[in-house]
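So this one's final.cif, mmCIF, C-alpha atoms and all ligand atoms:
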```cif
data_target
#
loop_
_atom_site.label_atom_id
_atom_site.label_comp_id
_atom_site.auth_asym_id
_atom_site.auth_seq_id
_atom_site.Cartn_x
_atom_site.Cartn_y
_atom_site.Cartn_z
CA MET A 1 -15.70 0.87 -10.94
CA LYS A 2 -11.93 1.35 -10.74
CA TYR A 3 -10.34 -1.00 -13.24
CA ILE A 4 -10.52 -1.25 -17.03
CA ASP A 5 -11.85 -4.85 -16.92
CA GLU A 6 -14.87 -3.64 -15.02
CA TYR A 7 -15.74 -1.31 -17.89
CA ARG A 8 -15.58 -4.35 -20.21
CA ASN A 9 -17.62 -6.74 -18.09
CA GLY A 10 -19.77 -8.74 -20.50
CA ALA A 11 -22.54 -9.54 -18.02
CA VAL A 12 -22.95 -5.89 -17.03
CA ALA A 13 -22.89 -4.89 -20.72
CA GLN A 14 -25.70 -7.38 -21.44
CA ALA A 15 -27.70 -5.93 -18.56
CA VAL A 16 -27.29 -2.33 -19.79
CA ALA A 17 -28.15 -3.45 -23.34
CA ALA A 18 -31.28 -5.19 -22.01
CA GLN A 19 -32.24 -1.95 -20.28
CA ILE A 20 -31.84 -0.04 -23.56
CA GLN A 21 -34.04 -2.68 -25.27
CA LYS A 22 -36.63 -2.22 -22.54
CA GLU A 23 -36.65 1.56 -22.52
CA ALA A 24 -36.35 2.30 -26.26
CA THR A 25 -39.91 2.97 -27.39
CA PRO A 26 -40.68 0.54 -30.25
CA ALA A 27 -42.78 3.13 -32.05
CA ARG A 28 -39.90 5.53 -32.59
CA HIS A 29 -36.47 5.51 -34.20
CA TYR A 30 -33.49 6.89 -32.26
CA ARG A 31 -30.57 8.28 -34.23
CA PHE A 32 -27.51 9.20 -32.19
CA MET A 33 -24.18 10.42 -33.52
CA GLU A 34 -20.97 9.42 -31.83
CA PHE A 35 -18.89 12.44 -32.77
CA CYS A 36 -15.55 10.89 -31.97
CA GLY A 37 -13.73 8.26 -34.05
CA GLY A 38 -12.55 6.60 -30.84
CA HIS A 39 -16.17 5.81 -30.04
CA THR A 40 -16.77 4.48 -33.55
CA HIS A 41 -13.94 2.01 -33.03
CA ALA A 42 -15.19 1.04 -29.56
CA ILE A 43 -18.67 0.41 -31.01
CA PHE A 44 -17.31 -2.02 -33.63
CA ARG A 45 -14.53 -3.55 -31.59
CA TYR A 46 -16.95 -4.59 -28.85
CA GLY A 47 -19.92 -5.33 -31.08
CA ILE A 48 -22.06 -2.67 -29.40
CA GLU A 49 -24.31 -2.22 -32.46
CA THR A 50 -25.27 -5.88 -32.23
CA LEU A 51 -26.51 -5.31 -28.67
CA LEU A 52 -28.78 -2.43 -29.64
CA PRO A 53 -32.39 -2.76 -30.72
CA SER A 54 -32.94 -2.10 -34.42
CA ASN A 55 -34.63 1.23 -33.72
CA VAL A 56 -31.52 2.63 -31.98
CA GLU A 57 -29.14 3.65 -34.76
CA MET A 58 -25.61 4.95 -34.31
CA VAL A 59 -24.40 7.47 -36.89
CA HIS A 60 -20.66 7.96 -37.20
CA GLY A 61 -19.47 11.54 -36.96
CA PRO A 62 -16.49 13.55 -38.18
CA GLY A 63 -14.47 13.30 -34.98
CA CYS A 64 -11.29 12.01 -36.58
CA PRO A 65 -8.72 14.76 -37.16
CA VAL A 66 -6.99 12.92 -40.00
CA CYS A 67 -10.30 12.30 -41.78
CA VAL A 68 -11.57 15.88 -41.66
CA LEU A 69 -8.41 17.51 -42.99
CA PRO A 70 -9.16 18.62 -46.55
CA ILE A 71 -7.00 17.38 -49.34
CA GLY A 72 -5.64 20.89 -50.00
CA ARG A 73 -3.98 20.94 -46.57
CA VAL A 74 -2.38 17.54 -47.32
CA ASP A 75 -1.09 19.01 -50.60
CA MET A 76 0.35 21.98 -48.68
CA ALA A 77 2.17 19.59 -46.33
CA VAL A 78 3.58 17.71 -49.35
CA GLN A 79 4.74 21.03 -50.79
CA LEU A 80 6.31 21.97 -47.46
CA ALA A 81 8.15 18.65 -47.25
CA GLN A 82 9.64 19.31 -50.69
CA LYS A 83 11.16 22.69 -49.75
CA PRO A 84 14.98 22.57 -49.72
CA GLY A 85 16.46 21.89 -46.30
CA VAL A 86 13.13 21.07 -44.66
CA ILE A 87 12.48 18.07 -42.44
CA LEU A 88 8.75 17.50 -42.12
CA ALA A 89 7.66 15.66 -38.98
CA SER A 90 4.20 14.23 -38.39
CA TYR A 91 2.17 11.42 -36.89
CA ALA A 92 2.05 8.10 -38.78
CA ASP A 93 -1.55 8.25 -40.03
CA MET A 94 -1.01 11.64 -41.63
CA LEU A 95 1.84 10.31 -43.74
CA ARG A 96 -0.43 7.86 -45.59
CA VAL A 97 -3.34 10.15 -46.43
CA PRO A 98 -3.46 10.62 -50.20
CA GLY A 99 -3.37 14.20 -51.44
CA SER A 100 -4.09 15.26 -55.01
CA GLY A 101 -3.24 12.60 -57.57
CA LYS A 102 -2.82 10.10 -54.69
CA VAL A 103 0.46 11.80 -53.65
CA SER A 104 0.86 11.35 -49.89
CA LEU A 105 3.70 12.41 -47.64
CA LEU A 106 5.03 8.86 -47.92
CA THR A 107 5.08 9.26 -51.70
CA ALA A 108 6.98 12.52 -51.26
CA LYS A 109 9.43 10.70 -48.96
CA ALA A 110 9.94 7.99 -51.58
CA ARG A 111 10.73 10.78 -54.04
CA GLY A 112 13.44 12.20 -51.78
CA ALA A 113 11.70 14.52 -49.31
CA ASP A 114 12.87 14.25 -45.70
CA VAL A 115 9.63 13.18 -43.99
CA ARG A 116 9.86 11.69 -40.51
CA MET A 117 7.25 9.88 -38.47
CA VAL A 118 7.06 11.01 -34.84
CA TYR A 119 5.05 9.89 -31.81
CA SER A 120 4.90 13.28 -30.15
CA THR A 121 5.84 16.93 -30.50
CA LEU A 122 8.79 16.18 -28.22
CA ASP A 123 10.22 13.88 -30.92
CA ALA A 124 9.90 16.71 -33.43
CA LEU A 125 11.71 19.10 -31.07
CA GLU A 126 14.48 16.53 -30.64
CA ILE A 127 14.90 16.34 -34.43
CA ALA A 128 15.24 20.15 -34.47
CA ARG A 129 17.85 19.96 -31.70
CA GLN A 130 19.85 17.34 -33.62
CA ASN A 131 19.67 19.22 -36.92
CA PRO A 132 20.53 22.85 -36.14
CA ASN A 133 21.30 23.56 -39.80
CA ARG A 134 17.99 22.24 -41.08
CA GLN A 135 14.44 23.55 -40.76
CA VAL A 136 12.06 21.23 -38.90
CA ALA A 137 8.35 21.78 -39.57
CA PHE A 138 5.84 19.89 -37.46
CA PHE A 139 2.59 19.01 -39.25
CA ALA A 140 0.25 19.65 -36.33
CA ILE A 141 -3.24 18.20 -36.55
CA GLY A 142 -5.92 17.26 -34.08
CA PHE A 143 -8.87 18.36 -32.03
CA GLU A 144 -8.60 19.97 -28.60
CA THR A 145 -6.88 16.84 -27.25
CA THR A 146 -3.58 17.36 -29.05
CA THR A 147 -3.57 21.17 -29.21
CA PRO A 148 -1.97 21.66 -25.76
CA MET A 149 1.00 19.50 -26.86
CA SER A 150 1.57 21.66 -29.94
CA ALA A 151 1.32 24.84 -27.85
CA SER A 152 3.71 23.50 -25.27
CA ALA A 153 6.18 22.42 -28.02
CA LEU A 154 6.34 26.00 -29.25
CA LEU A 155 6.83 27.33 -25.72
CA GLN A 156 9.68 24.87 -25.26
CA ALA A 157 11.20 25.69 -28.64
CA GLN A 158 11.15 29.38 -27.74
CA ALA A 159 12.61 28.78 -24.28
CA GLN A 160 15.41 26.63 -25.76
CA GLY A 161 16.12 28.99 -28.66
CA LEU A 162 15.19 26.37 -31.28
CA THR A 163 14.59 28.87 -34.07
CA ASN A 164 14.78 26.12 -36.72
CA PHE A 165 11.44 24.73 -35.51
CA SER A 166 8.03 25.75 -36.86
CA LEU A 167 4.43 24.55 -36.84
CA PHE A 168 2.12 23.87 -39.78
CA CYS A 169 -1.03 24.39 -37.77
CA ASN A 170 -4.17 22.40 -38.58
CA HIS A 171 -5.79 22.22 -35.16
CA VAL A 172 -9.58 22.18 -35.27
CA MET A 173 -12.31 22.51 -32.67
CA THR A 174 -15.19 20.21 -31.84
CA PRO A 175 -18.10 22.52 -30.87
CA PRO A 176 -18.19 24.46 -34.19
CA ALA A 177 -18.17 21.16 -36.08
CA MET A 178 -21.13 19.89 -34.03
CA ARG A 179 -22.94 23.12 -34.78
CA ALA A 180 -22.25 22.66 -38.51
CA ILE A 181 -23.54 19.06 -38.43
CA LEU A 182 -26.74 20.14 -36.73
CA GLY A 183 -27.25 22.61 -39.57
CA ILE A 184 -27.00 19.96 -42.34
CA GLU A 185 -30.35 19.22 -43.92
CA GLY A 186 -31.31 15.59 -44.28
CA VAL A 187 -29.21 14.32 -41.35
CA PRO A 188 -31.73 14.06 -38.52
CA LEU A 189 -30.14 13.40 -35.13
CA ASP A 190 -31.63 12.79 -31.70
CA GLY A 191 -28.45 13.54 -29.78
CA PHE A 192 -24.71 13.13 -29.47
CA VAL A 193 -22.44 10.74 -27.65
CA GLY A 194 -19.94 13.46 -26.74
CA PRO A 195 -16.17 12.99 -27.09
CA SER A 196 -14.16 11.81 -24.12
CA HIS A 197 -10.56 13.02 -24.51
CA VAL A 198 -11.61 16.32 -26.10
CA SER A 199 -13.98 16.91 -23.19
CA THR A 200 -11.22 16.45 -20.63
CA ILE A 201 -9.74 19.64 -22.13
CA ILE A 202 -12.83 21.76 -22.88
CA GLY A 203 -15.22 20.47 -20.18
CA THR A 204 -18.93 19.78 -20.35
CA ARG A 205 -20.03 23.39 -20.51
CA ALA A 206 -18.59 23.75 -24.03
CA TYR A 207 -21.55 21.69 -25.30
CA ARG A 208 -24.35 23.66 -23.67
CA PHE A 209 -25.25 25.28 -26.97
CA VAL A 210 -26.42 21.91 -28.30
CA PRO A 211 -29.44 21.62 -25.97
CA ASP A 212 -29.87 25.39 -25.67
CA ALA A 213 -29.88 26.27 -29.38
CA PHE A 214 -30.82 22.96 -30.99
CA GLY A 215 -32.86 21.16 -28.34
CA LYS A 216 -30.69 18.00 -28.58
CA PRO A 217 -29.10 16.06 -25.72
CA VAL A 218 -25.38 15.38 -25.34
CA VAL A 219 -23.93 12.67 -23.12
CA ILE A 220 -20.15 12.81 -22.70
CA SER A 221 -18.87 9.23 -22.73
CA GLY A 222 -15.64 7.38 -22.02
CA PHE A 223 -14.17 4.96 -24.58
CA GLU A 224 -14.87 1.68 -22.81
CA PRO A 225 -17.82 -0.44 -23.99
CA LEU A 226 -19.79 0.04 -20.79
CA ASP A 227 -19.26 3.80 -21.02
CA VAL A 228 -20.72 3.86 -24.51
CA LEU A 229 -23.69 1.62 -23.66
CA GLN A 230 -24.44 3.66 -20.55
CA ALA A 231 -24.26 6.91 -22.58
CA ILE A 232 -26.71 5.47 -25.13
CA LEU A 233 -29.09 4.52 -22.32
CA MET A 234 -28.81 8.05 -20.90
CA LEU A 235 -29.60 9.49 -24.34
CA VAL A 236 -32.62 7.20 -24.77
CA ARG A 237 -33.89 8.33 -21.36
CA GLN A 238 -33.47 12.01 -22.23
CA VAL A 239 -35.32 11.58 -25.52
CA ASN A 240 -38.13 9.58 -23.86
CA SER A 241 -38.65 12.21 -21.21
CA GLY A 242 -38.41 15.13 -23.66
CA ARG A 243 -35.28 16.47 -21.97
CA ALA A 244 -32.29 17.98 -23.75
CA GLU A 245 -29.30 18.43 -21.44
CA VAL A 246 -25.57 17.93 -21.34
CA GLU A 247 -24.95 14.91 -19.12
CA ASN A 248 -21.62 13.48 -18.15
CA GLU A 249 -21.15 9.72 -18.13
CA PHE A 250 -17.36 10.20 -18.06
CA ALA A 251 -17.29 12.11 -14.77
CA ARG A 252 -14.21 10.17 -13.67
CA ALA A 253 -12.15 12.25 -16.12
CA VAL A 254 -14.25 15.19 -17.31
CA GLY A 255 -15.38 18.22 -15.31
CA GLU A 256 -17.54 21.17 -16.16
CA GLU A 257 -14.67 23.59 -16.78
CA GLY A 258 -12.25 21.16 -18.41
CA ASN A 259 -8.49 21.44 -18.01
CA VAL A 260 -7.94 25.12 -17.29
CA LYS A 261 -4.15 24.75 -17.29
CA ALA A 262 -4.22 23.28 -20.80
CA GLN A 263 -6.65 25.97 -21.95
CA THR A 264 -4.22 28.64 -20.68
CA VAL A 265 -1.31 27.10 -22.59
CA ILE A 266 -3.43 26.95 -25.76
CA ASP A 267 -4.47 30.60 -25.33
CA ARG A 268 -0.87 31.75 -25.02
CA VAL A 269 0.00 30.41 -28.45
CA PHE A 270 -3.17 30.12 -30.54
CA GLN A 271 -6.13 32.24 -31.58
CA VAL A 272 -9.29 31.32 -33.46
CA ARG A 273 -9.11 31.38 -37.28
CA ASP A 274 -11.92 33.21 -39.10
CA ARG A 275 -12.79 30.06 -41.01
CA PHE A 276 -11.28 26.71 -41.93
CA GLU A 277 -12.14 24.17 -44.59
CA TRP A 278 -13.20 20.73 -43.30
CA ARG A 279 -13.40 17.66 -45.49
CA GLY A 280 -17.09 16.93 -45.86
CA LEU A 281 -18.33 19.93 -43.94
CA GLY A 282 -16.98 22.81 -46.04
CA ALA A 283 -15.64 26.06 -44.58
CA ILE A 284 -16.81 26.44 -40.98
CA PRO A 285 -16.45 29.83 -39.29
CA SER A 286 -14.30 30.02 -36.13
CA SER A 287 -13.65 26.27 -36.22
CA ALA A 288 -9.86 26.09 -36.16
CA LEU A 289 -6.81 27.70 -34.61
CA GLU A 290 -3.88 29.67 -35.93
CA LEU A 291 -0.78 31.06 -34.28
CA ARG A 292 -1.11 34.40 -32.52
CA PRO A 293 0.74 37.31 -34.21
CA GLU A 294 3.55 37.15 -31.63
CA TRP A 295 4.20 33.56 -32.79
CA HIS A 296 4.21 34.28 -36.51
CA ASP A 297 7.96 33.62 -36.72
CA TRP A 298 7.18 30.00 -35.76
CA ASP A 299 4.40 29.63 -38.31
CA ALA A 300 5.47 27.28 -41.13
CA GLU A 301 2.82 28.73 -43.47
CA ARG A 302 4.47 32.14 -43.19
CA ARG A 303 8.06 31.01 -42.90
CA PHE A 304 7.83 29.01 -46.13
CA ASP A 305 5.30 31.19 -48.00
CA LEU A 306 2.77 28.39 -48.33
CA GLU A 307 -0.21 29.44 -50.41
CA PRO A 308 -3.64 27.94 -49.71
CA ILE A 309 -4.45 25.02 -52.01
CA VAL A 310 -7.99 24.04 -52.92
CA ALA A 311 -8.24 20.51 -54.28
CA SER A 312 -10.98 17.96 -54.83
CA ASP A 313 -11.19 14.49 -53.37
CA HIS A 314 -10.74 11.45 -55.62
CA PRO A 315 -13.92 11.32 -57.76
CA ALA A 316 -14.89 7.87 -56.41
CA CYS A 317 -14.36 8.82 -52.76
CA GLN A 318 -17.42 9.42 -50.60
CA CYS A 319 -15.60 10.37 -47.41
CA ALA A 320 -17.53 13.66 -47.36
CA SER A 321 -20.87 11.85 -47.10
CA VAL A 322 -19.50 9.44 -44.49
CA LEU A 323 -18.23 12.34 -42.39
CA ARG A 324 -21.59 14.11 -42.60
CA GLY A 325 -23.41 11.00 -41.38
CA GLN A 326 -25.29 10.71 -44.68
CA ILE A 327 -24.03 7.26 -45.65
CA LYS A 328 -22.36 4.34 -43.90
CA PRO A 329 -18.89 3.29 -45.11
CA GLN A 330 -20.11 0.13 -46.84
CA ASP A 331 -22.46 2.29 -48.96
CA CYS A 332 -19.40 3.81 -50.69
CA LYS A 333 -18.99 2.08 -54.06
CA VAL A 334 -15.25 1.53 -53.61
CA PHE A 335 -15.37 0.33 -49.99
CA ALA A 336 -13.29 -2.84 -49.58
CA THR A 337 -12.71 -3.05 -53.34
CA ALA A 338 -10.62 -0.18 -54.75
CA CYS A 339 -10.36 1.32 -51.25
CA THR A 340 -8.79 -0.79 -48.49
CA PRO A 341 -6.39 0.07 -45.66
CA GLU A 342 -3.53 -1.02 -47.97
CA THR A 343 -4.80 1.01 -50.92
CA PRO A 344 -6.77 3.89 -49.35
CA LEU A 345 -8.54 6.32 -51.66
CA GLY A 346 -9.80 8.47 -48.83
CA SER A 347 -8.71 9.54 -45.37
CA CYS A 348 -11.51 7.64 -43.57
CA MET A 349 -9.81 4.37 -44.57
CA VAL A 350 -6.33 5.53 -43.52
CA SER A 351 -6.81 6.86 -40.06
CA SER A 352 -6.90 4.52 -37.10
CA GLU A 353 -9.97 6.48 -35.99
CA GLY A 354 -11.70 6.57 -39.38
CA ALA A 355 -15.17 5.06 -39.79
CA CYS A 356 -14.22 3.18 -42.98
CA ALA A 357 -11.16 1.70 -41.26
CA ALA A 358 -13.38 0.59 -38.35
CA TYR A 359 -15.90 -1.08 -40.66
CA TYR A 360 -13.11 -2.78 -42.56
CA ARG A 361 -11.11 -3.91 -39.54
CA TYR A 362 -14.10 -5.37 -37.73
CA GLY A 363 -15.38 -7.34 -40.66
CA ARG A 364 -18.13 -5.19 -42.10
CA HIS A 365 -16.56 -5.56 -45.56
CA GLN A 366 -17.57 -9.21 -45.55
CA SER A 367 -21.22 -8.19 -45.84
CA ALA A 368 -20.64 -5.22 -48.16
CA GLY A 369 -22.28 -5.65 -51.51
S1 LIG B 401 -14.40 3.55 -48.62
FE1 LIG B 401 -12.60 4.80 -49.08
S2 LIG B 401 -13.23 6.18 -50.68
FE2 LIG B 401 -15.11 5.34 -49.77
S3 LIG B 401 -15.67 6.81 -48.19
FE3 LIG B 401 -14.37 5.29 -47.20
S4 LIG B 401 -12.28 6.13 -47.32
FE4 LIG B 401 -13.56 7.32 -48.75
#
```
Show the structure stored in the file as structure tokens.
Amino acid sequence: MKYIDEYRNGAVAQAVAAQIQKEATPARHYRFMEFCGGHTHAIFRYGIETLLPSNVEMVHGPGCPVCVLPIGRVDMAVQLAQKPGVILASYADMLRVPGSGKVSLLTAKARGADVRMVYSTLDALEIARQNPNRQVAFFAIGFETTTPMSASALLQAQAQGLTNFSLFCNHVMTPPAMRAILGIEGVPLDGFVGPSHVSTIIGTRAYRFVPDAFGKPVVISGFEPLDVLQAILMLVRQVNSGRAEVENEFARAVGEEGNVKAQTVIDRVFQVRDRFEWRGLGAIPSSALELRPEWHDWDAERRFDLEPIVASDHPACQCASVLRGQIKPQDCKVFATACTPETPLGSCMVSSEGACAAYYRYGRHQSAG
């Protein structure tokens, strides 16, 4: 297949779904986690769950960078935005995530902070170029997909002498989070639909520990509906035959080694943090990145003396349980009532990749009790 439409062909999708129906053993229950929020949205947007037999259950994972950022880091960004002379630049979703006391970056902006929405790190660099007498801090978040852009922004800033640019680094890594999920008691999983964009950077071999150490299969999948259905079929087949391997459904974009050029750029700028707090998963060792010592001058946390903030989620918010795969969004008591995309209480309702946003957008709130 070469064109997008072919990956959305309804007749082929019905045929793959029929094959899943045929091959899923009625006597057992299959529980697969799609790690990535992009897959969660594809599953609801194309009604994939409705095509699956009732004994094949999809569990939504924590693969949404906005959702997994703990509230304390949002509070630190709000603090940073309020420093005199600072322009804080970030992606749109991040601006709406409520911090402590429901204070988001948008709230800070309404109270006078200079917060600007950008589409890329290049936009943030441009703001720094246009405001040589101001400090521009970029609120960098994301999994391995967006990390190369942050690294390359710093390399460009250095090359162009943009000393008024800095990075508030919140980049996190997928494999340690998968390891943490597999260690959670009471969340049985039979395998993962592996991320697509992340895997283009880190390659398939980054997931080998999942079958090797945990005996679970991983199938890397693209974001189109046929990709996801095919990946589910491949997982069912692995489970049925007692295999646990990393398989690659998304071979048109993902290789074993990943994008070595991007990895080199990341390595020039970042090193692994000892530990990092994740919303819902707690502090996970070696699960995030920080700037290398030679880049400390560009580190917003150091430049502006930001102290770590530990804060609790809104008491009614169950994002943590959603992100751990313990409950579905509509099980949260405030889903679609006190918490909607217009009035989000938690990050999973804000982010375009969040599970709660997916359930809401594709109509699951209509059946929520
Ligand atoms: S419905 Fe809102 S409060 Fe509940 S888990 Fe989802 S985002 Fe969090």
**OP:** For range 204-210 of chain A, please output as a VMD selection string all residues within 8 Å (counting all atoms listed in the file; exclusion window: fewer than 6 positions along the same chain).
**Re:** chain A and resid 175 179 216 to 218 220 245 to 248 254 to 258
Emit the selected residues as a PDB file, in the coordinates of the input, including C-alpha atoms.
```pdb
ATOM      1  CA  PRO A 175     -18.100  22.520 -30.870  1.00  0.00           C
ATOM      2  CA  ARG A 179     -22.940  23.120 -34.780  1.00  0.00           C
ATOM      3  CA  LYS A 216     -30.690  18.000 -28.580  1.00  0.00           C
ATOM      4  CA  PRO A 217     -29.100  16.060 -25.720  1.00  0.00           C
ATOM      5  CA  VAL A 218     -25.380  15.380 -25.340  1.00  0.00           C
ATOM      6  CA  ILE A 220     -20.150  12.810 -22.700  1.00  0.00           C
ATOM      7  CA  GLU A 245     -29.300  18.430 -21.440  1.00  0.00           C
ATOM      8  CA  VAL A 246     -25.570  17.930 -21.340  1.00  0.00           C
ATOM      9  CA  GLU A 247     -24.950  14.910 -19.120  1.00  0.00           C
ATOM     10  CA  ASN A 248     -21.620  13.480 -18.150  1.00  0.00           C
ATOM     11  CA  VAL A 254     -14.250  15.190 -17.310  1.00  0.00           C
ATOM     12  CA  GLY A 255     -15.380  18.220 -15.310  1.00  0.00           C
ATOM     13  CA  GLU A 256     -17.540  21.170 -16.160  1.00  0.00           C
ATOM     14  CA  GLU A 257     -14.670  23.590 -16.780  1.00  0.00           C
ATOM     15  CA  GLY A 258     -12.250  21.160 -18.410  1.00  0.00           C
TER      16      GLY A 258
END
```
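With all atoms listed in the file as the basis for measurement, A:Ala89 is the residue among A:Ala113, A:Val260, A:Leu155, A:Ala89 that approaches Val136 in chain A most closely.
The smallest atom-to-atom distance between Asp297 in chain A and any of A:Ala338, A:Leu154, A:Val272, A:Val16, using only C-alpha atoms, is found for A:Leu154.
Straight-line separation from CA of Tyr119 in chain A to CA of Ser90 in chain A: 7.9 Å.
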Original post:
Which chains and residue numbers are within 9 Å of ligand LIG 401 (chain B), counting all atoms listed in the file, if I want them as number ranges by chain?
Top reply: A: 67, 313-323, 327-341, 343-350, 354-357, 360
Subject >> Shell of 10 Å around Asn240 in chain A, only C-alpha atoms, local chain residues under 2 positions omitted, as a PyMOL selection string >> reply: chain A and resi 23-25+28+30+234-238+242-243
Subject >> A:Met58, A:Ile232, A:Ile201, A:Ala18 ranked by distance to Glu144 in chain A, top pick (using all atoms listed in the file) >> reply: A:Ile201
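Distance annotation: of A:Gln79, A:Gln135, A:Thr40, A:Gln160, the residue with the minimal separation from Pro62 in chain A is A:Thr40; atom set is all atoms listed in the file.
Counting from CA of Tyr362 in chain A, the distance to CA of Ile48 in chain A is 11.8 Å.
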Subject >> Top pick for closest residue to Ile266 in chain A, considering A:Pro148, A:Pro188, A:Gly61, A:Gly38 and counting all atoms listed in the file >> reply: A:Pro148
Original post:
So how many Å separate CA of Arg324 in chain A and CA of His60 in chain A, to one decimal?
Top reply: 8.2 Å
**OP:** Excluding Asp114 in chain A and residues on its chain fewer than 2 positions from it, collect all residues at most 8 Å away from it, counting all atoms listed in the file, and give them as an MDAnalysis selection string.
**Re:** chainID A and resid 81:82 86:88 109 112 116
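Distance annotation: of A:Ser100, A:Leu233, A:Val187, A:Glu6, the residue with the minimal separation from Lys22 in chain A is A:Leu233; atom set is only C-alpha atoms.
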**OP:** Extract, using all atoms listed in the file, all DNA, RNA and protein residues at most 12 Å from Pro293 in chain A, discarding same-chain residues fewer than 3 positions from it, and format them as a list in words.
**Re:** Arg268, Val269, Phe270, Gln271, Val272, Arg273, Glu290, His296, Asp297, Trp298, Asp299 and Arg302 of chain A
Subject >> Exercise: Leu306 in chain A partners within 12 Å, all atoms listed in the file, chain neighbours under 5 positions left out, as number ranges by chain >> reply: A: 72-73, 75-83, 168-169, 299-301
Please write out, as lines of an AutoDock Vina configuration file, where the centre of an axis-aligned box around all listed atoms of range 17-27 of chain A lies and how long its edges are, in Å to one decimal, after adding 4 Å on each side.
```
center_x = -35.5
center_y = -1.0
center_z = -26.2
size_x = 22.6
size_y = 16.3
size_z = 19.8
```
**OP:** Compute the distance from (-10.0, 24.5, -45.7) to each atom, counting only C-alpha atoms, keep the residues with any atom at most 9 Å away, and return them as a PyMOL selection string; use the coordinates of the file.
**Re:** chain A and resi 69-73+275-279+282-284+308-310
